[in-house]
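Reading through the structure tokens given below for one structure.
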Amino acid sequence: MAINEQWLSAQVALRSISIVKFAKMLWLLDARGVAYLPALDWLVVSDLHLEKGSYLRSYGNPLPSVDSVATLKRLQQIIRDYNPARVISLGDSFHDKHSMSRMTAEDRNLLCDIINSVPKWDWVEGNHDPDLPEGIPGNPCHEIVHSNVVFRHEPEIYEPEPCETEPHEKESHEKEPSTKDGVQAKPQAKHQIIGHYHPKIRKTISRRRFSGKCFVVTEDLFIMPAFGQFTGGLDVDEEVMLVLASKKSRACYMLYDGTIFKA
């Protein structure tokens, strides 16, 4: 952990960070599109979509080869700022299964250097990258459970009564699932941290219209913005988003020009 109270106060004053409470824990929402959990010294990022540009170019889109290196350099600077004990990448880190074959040697080395600079790095599987590319450091997993919080790519409906995990027990991907009557029991959690949807929001202020990526937070759902350079977004007022987070239940934190504010 590299942050201190003086640094945090300055960042909040600059509107570079918003502090929110979710699952009874304080979270720092960084205007650069990541979330930091001070109590655990964990940094969470989602939807890097590395090599999306080269994927689109293969279908005739005239895009420059800059998305992966731009995404990685932004992430590298954030990790230097926080120096976290653990990084969790919430799925769709790689745009497709052939991403690594198209990545330049320089970008691949940069990626590995970033991962190796952190004591622990978890790759949560996404719909674009169900399998971690060979030769990439880090721990692949389906989801991570801590107490009553689960980190996964897409939301899942859990049974009404979540199982309580003793504090000394390991996260779900680090232990064998329990069984009952020969049937594997699935870990359950009330609160979910997810990616996948690339939320964005439009806001009109003093007759000026602004648009940007955003965090979406409800009582039991925390949706991360997409971090990747070429990632688009789904408006928070689209039907699929409203089903997950209605206007009455949600708080949206918009990212715009290096600042973050509640929209």
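Residue numbering restarts at 1 for every chain of the structure tokens, chains are lettered A, B, ... in their displayed order, and ligands are numbered from 1 as they appear.
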*Nearby residues (only C-alpha atoms) at most 9 Å from region 257-263 of chain A, same-chain spacing under 6 positions excluded, as number ranges by chain*: A: 14-18, 29-32, 201-203, 212, 214, 251
Mind dumping the selected residues with all heavy atoms as a tab-separated table (two decimals), in the first residue's frame?
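Contents of again-v2.tsv, freshly written:
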chain	number	residue	atom	x	y	z
A	14	LEU	N	-9.37	17.04	-5.61
A	14	LEU	CA	-9.26	17.21	-7.06
A	14	LEU	C	-10.35	16.46	-7.82
A	14	LEU	O	-10.39	16.50	-9.05
A	14	LEU	CB	-7.89	16.73	-7.54
A	14	LEU	CG	-6.68	17.55	-7.10
A	14	LEU	CD1	-5.39	16.80	-7.44
A	14	LEU	CD2	-6.70	18.92	-7.76
A	15	ARG	N	-11.19	15.76	-7.09
A	15	ARG	CA	-12.24	14.90	-7.68
A	15	ARG	C	-11.65	13.80	-8.53
A	15	ARG	O	-12.25	13.36	-9.50
A	15	ARG	CB	-13.25	15.74	-8.49
A	15	ARG	CG	-14.07	16.69	-7.65
A	15	ARG	CD	-15.20	17.29	-8.44
A	15	ARG	NE	-16.05	18.14	-7.61
A	15	ARG	CZ	-17.14	18.77	-8.03
A	15	ARG	NH1	-17.51	18.64	-9.29
A	15	ARG	NH2	-17.85	19.51	-7.21
A	16	SER	N	-10.47	13.35	-8.15
A	16	SER	CA	-9.86	12.21	-8.82
A	16	SER	C	-10.27	10.89	-8.18
A	16	SER	O	-10.11	9.83	-8.77
A	16	SER	CB	-8.33	12.32	-8.77
A	16	SER	OG	-7.89	13.46	-9.48
A	17	ILE	N	-10.81	10.98	-6.97
A	17	ILE	CA	-11.24	9.80	-6.23
A	17	ILE	C	-12.55	10.10	-5.52
A	17	ILE	O	-12.72	11.19	-4.97
A	17	ILE	CB	-10.17	9.35	-5.21
A	17	ILE	CG1	-9.00	8.68	-5.94
A	17	ILE	CG2	-10.75	8.40	-4.17
A	17	ILE	CD1	-7.88	8.26	-5.01
A	18	SER	N	-13.46	9.13	-5.53
A	18	SER	CA	-14.67	9.18	-4.71
A	18	SER	C	-14.62	8.03	-3.72
A	18	SER	O	-14.15	6.93	-4.06
A	18	SER	CB	-15.93	9.07	-5.56
A	18	SER	OG	-16.22	10.26	-6.23
A	29	LEU	N	-12.99	4.84	-5.45
A	29	LEU	CA	-13.28	4.77	-6.88
A	29	LEU	C	-12.38	5.78	-7.58
A	29	LEU	O	-12.51	6.98	-7.37
A	29	LEU	CB	-14.75	5.08	-7.16
A	29	LEU	CG	-15.78	4.29	-6.37
A	29	LEU	CD1	-17.19	4.61	-6.88
A	29	LEU	CD2	-15.50	2.80	-6.42
A	30	ASP	N	-11.46	5.29	-8.36
A	30	ASP	CA	-10.47	6.13	-9.01
A	30	ASP	C	-10.99	6.58	-10.38
A	30	ASP	O	-11.55	5.78	-11.13
A	30	ASP	CB	-9.17	5.33	-9.18
A	30	ASP	CG	-7.98	6.19	-9.55
A	30	ASP	OD1	-8.03	6.83	-10.62
A	30	ASP	OD2	-7.00	6.21	-8.78
A	31	ALA	N	-10.81	7.85	-10.69
A	31	ALA	CA	-11.31	8.42	-11.95
A	31	ALA	C	-10.67	7.77	-13.17
A	31	ALA	O	-11.15	7.93	-14.29
A	31	ALA	CB	-11.07	9.93	-11.99
A	32	ARG	N	-9.58	7.03	-12.97
A	32	ARG	CA	-8.93	6.33	-14.08
A	32	ARG	C	-9.58	4.99	-14.37
A	32	ARG	O	-9.17	4.28	-15.29
A	32	ARG	CB	-7.44	6.17	-13.77
A	32	ARG	CG	-6.69	7.50	-13.75
A	32	ARG	CD	-5.28	7.36	-13.22
A	32	ARG	NE	-5.25	7.08	-11.80
A	32	ARG	CZ	-4.13	6.98	-11.08
A	32	ARG	NH1	-2.96	7.13	-11.66
A	32	ARG	NH2	-4.19	6.73	-9.78
A	201	ILE	N	-22.73	6.60	-18.87
A	201	ILE	CA	-23.87	7.46	-18.51
A	201	ILE	C	-23.75	8.79	-19.22
A	201	ILE	O	-22.65	9.25	-19.54
A	201	ILE	CB	-23.92	7.66	-16.96
A	201	ILE	CG1	-25.23	8.32	-16.54
A	201	ILE	CG2	-22.72	8.45	-16.47
A	201	ILE	CD1	-25.43	8.32	-15.03
A	202	ARG	N	-24.90	9.40	-19.48
A	202	ARG	CA	-24.95	10.75	-20.05
A	202	ARG	C	-25.60	11.68	-19.03
A	202	ARG	O	-26.55	11.32	-18.37
A	202	ARG	CB	-25.76	10.74	-21.34
A	202	ARG	CG	-25.06	10.04	-22.50
A	202	ARG	CD	-25.95	9.95	-23.72
A	202	ARG	NE	-27.07	9.05	-23.48
A	202	ARG	CZ	-28.02	8.78	-24.38
A	202	ARG	NH1	-27.99	9.36	-25.56
A	202	ARG	NH2	-28.99	7.93	-24.10
A	203	LYS	N	-25.05	12.86	-18.93
A	203	LYS	CA	-25.55	13.81	-17.94
A	203	LYS	C	-25.55	15.21	-18.52
A	203	LYS	O	-24.59	15.62	-19.19
A	203	LYS	CB	-24.64	13.77	-16.69
A	203	LYS	CG	-25.17	14.53	-15.50
A	203	LYS	CD	-26.31	13.77	-14.83
A	203	LYS	CE	-26.74	14.45	-13.54
A	203	LYS	NZ	-27.87	13.73	-12.90
A	212	GLY	N	-19.71	9.62	-20.28
A	212	GLY	CA	-18.51	8.94	-19.85
A	212	GLY	C	-18.79	7.59	-19.24
A	212	GLY	O	-19.94	7.24	-18.94
A	214	CYS	N	-18.73	4.78	-16.24
A	214	CYS	CA	-19.13	5.00	-14.85
A	214	CYS	C	-19.10	3.72	-14.03
A	214	CYS	O	-19.15	2.61	-14.57
A	214	CYS	CB	-20.53	5.63	-14.77
A	214	CYS	SG	-21.87	4.56	-15.31
A	251	ALA	N	-26.52	4.12	-7.57
A	251	ALA	CA	-25.74	5.37	-7.57
A	251	ALA	C	-24.70	5.22	-8.67
A	251	ALA	O	-24.06	4.17	-8.78
A	251	ALA	CB	-25.06	5.58	-6.23
*Skipping near chain neighbours, those fewer than 5 positions away, what residues fall within 10 Å of Leu75 (chain A) using only C-alpha atoms, listed as a PyMOL selection string?*
chain A and resi 32-34+45+48+69-70+80-81+111+114+227-228
_For Asn4 (chain A), find every residue with an atom within 12 Å (counting only C-alpha atoms), except residues of its own chain fewer than 2 positions away, and show them as a list in words._
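Contacts, with the query itself left out: Met1, Ala2, Gln6, Trp7, Leu8, Ser9, Ala10, Gln11, Pro38, Asp81, Tyr82 and Asn83 of chain A.
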*Give the answer as one residue: which of A:Leu50, A:Met224, A:Ala35, A:Ile205 has the shortest atom-to-atom distance to Arg102 (chain A), using only C-alpha atoms?*
A:Leu50
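With CA of His98 (chain A) on one side and CA of Glu125 (chain A) on the other, the separation reads 15.3 Å.
Restricting the calculation to only C-alpha atoms, the smallest distance between Ile157 (chain A) and any of A:Leu244, A:Leu90, A:Ala105, A:Ile19 is found for A:Leu244.
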*Would you mind reading off the distance between CA of Glu134 (chain A) and CA of Pro119 (chain A), one decimal, in Å?*
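Distance between the two atoms: 19.8 Å.
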*Using the chain letters and numbers from this document, which residues of region 13-259 of chain A does DSSP assign to strand (DSSP E), as a PyMOL selection string?*
chain A and resi 17-22+25-30+34-37+42-45+86-89+120-124+139-141+144-146+149-151+179-180+183-184+191-194+199-205+208-217+221-223+234-235+251-256+259
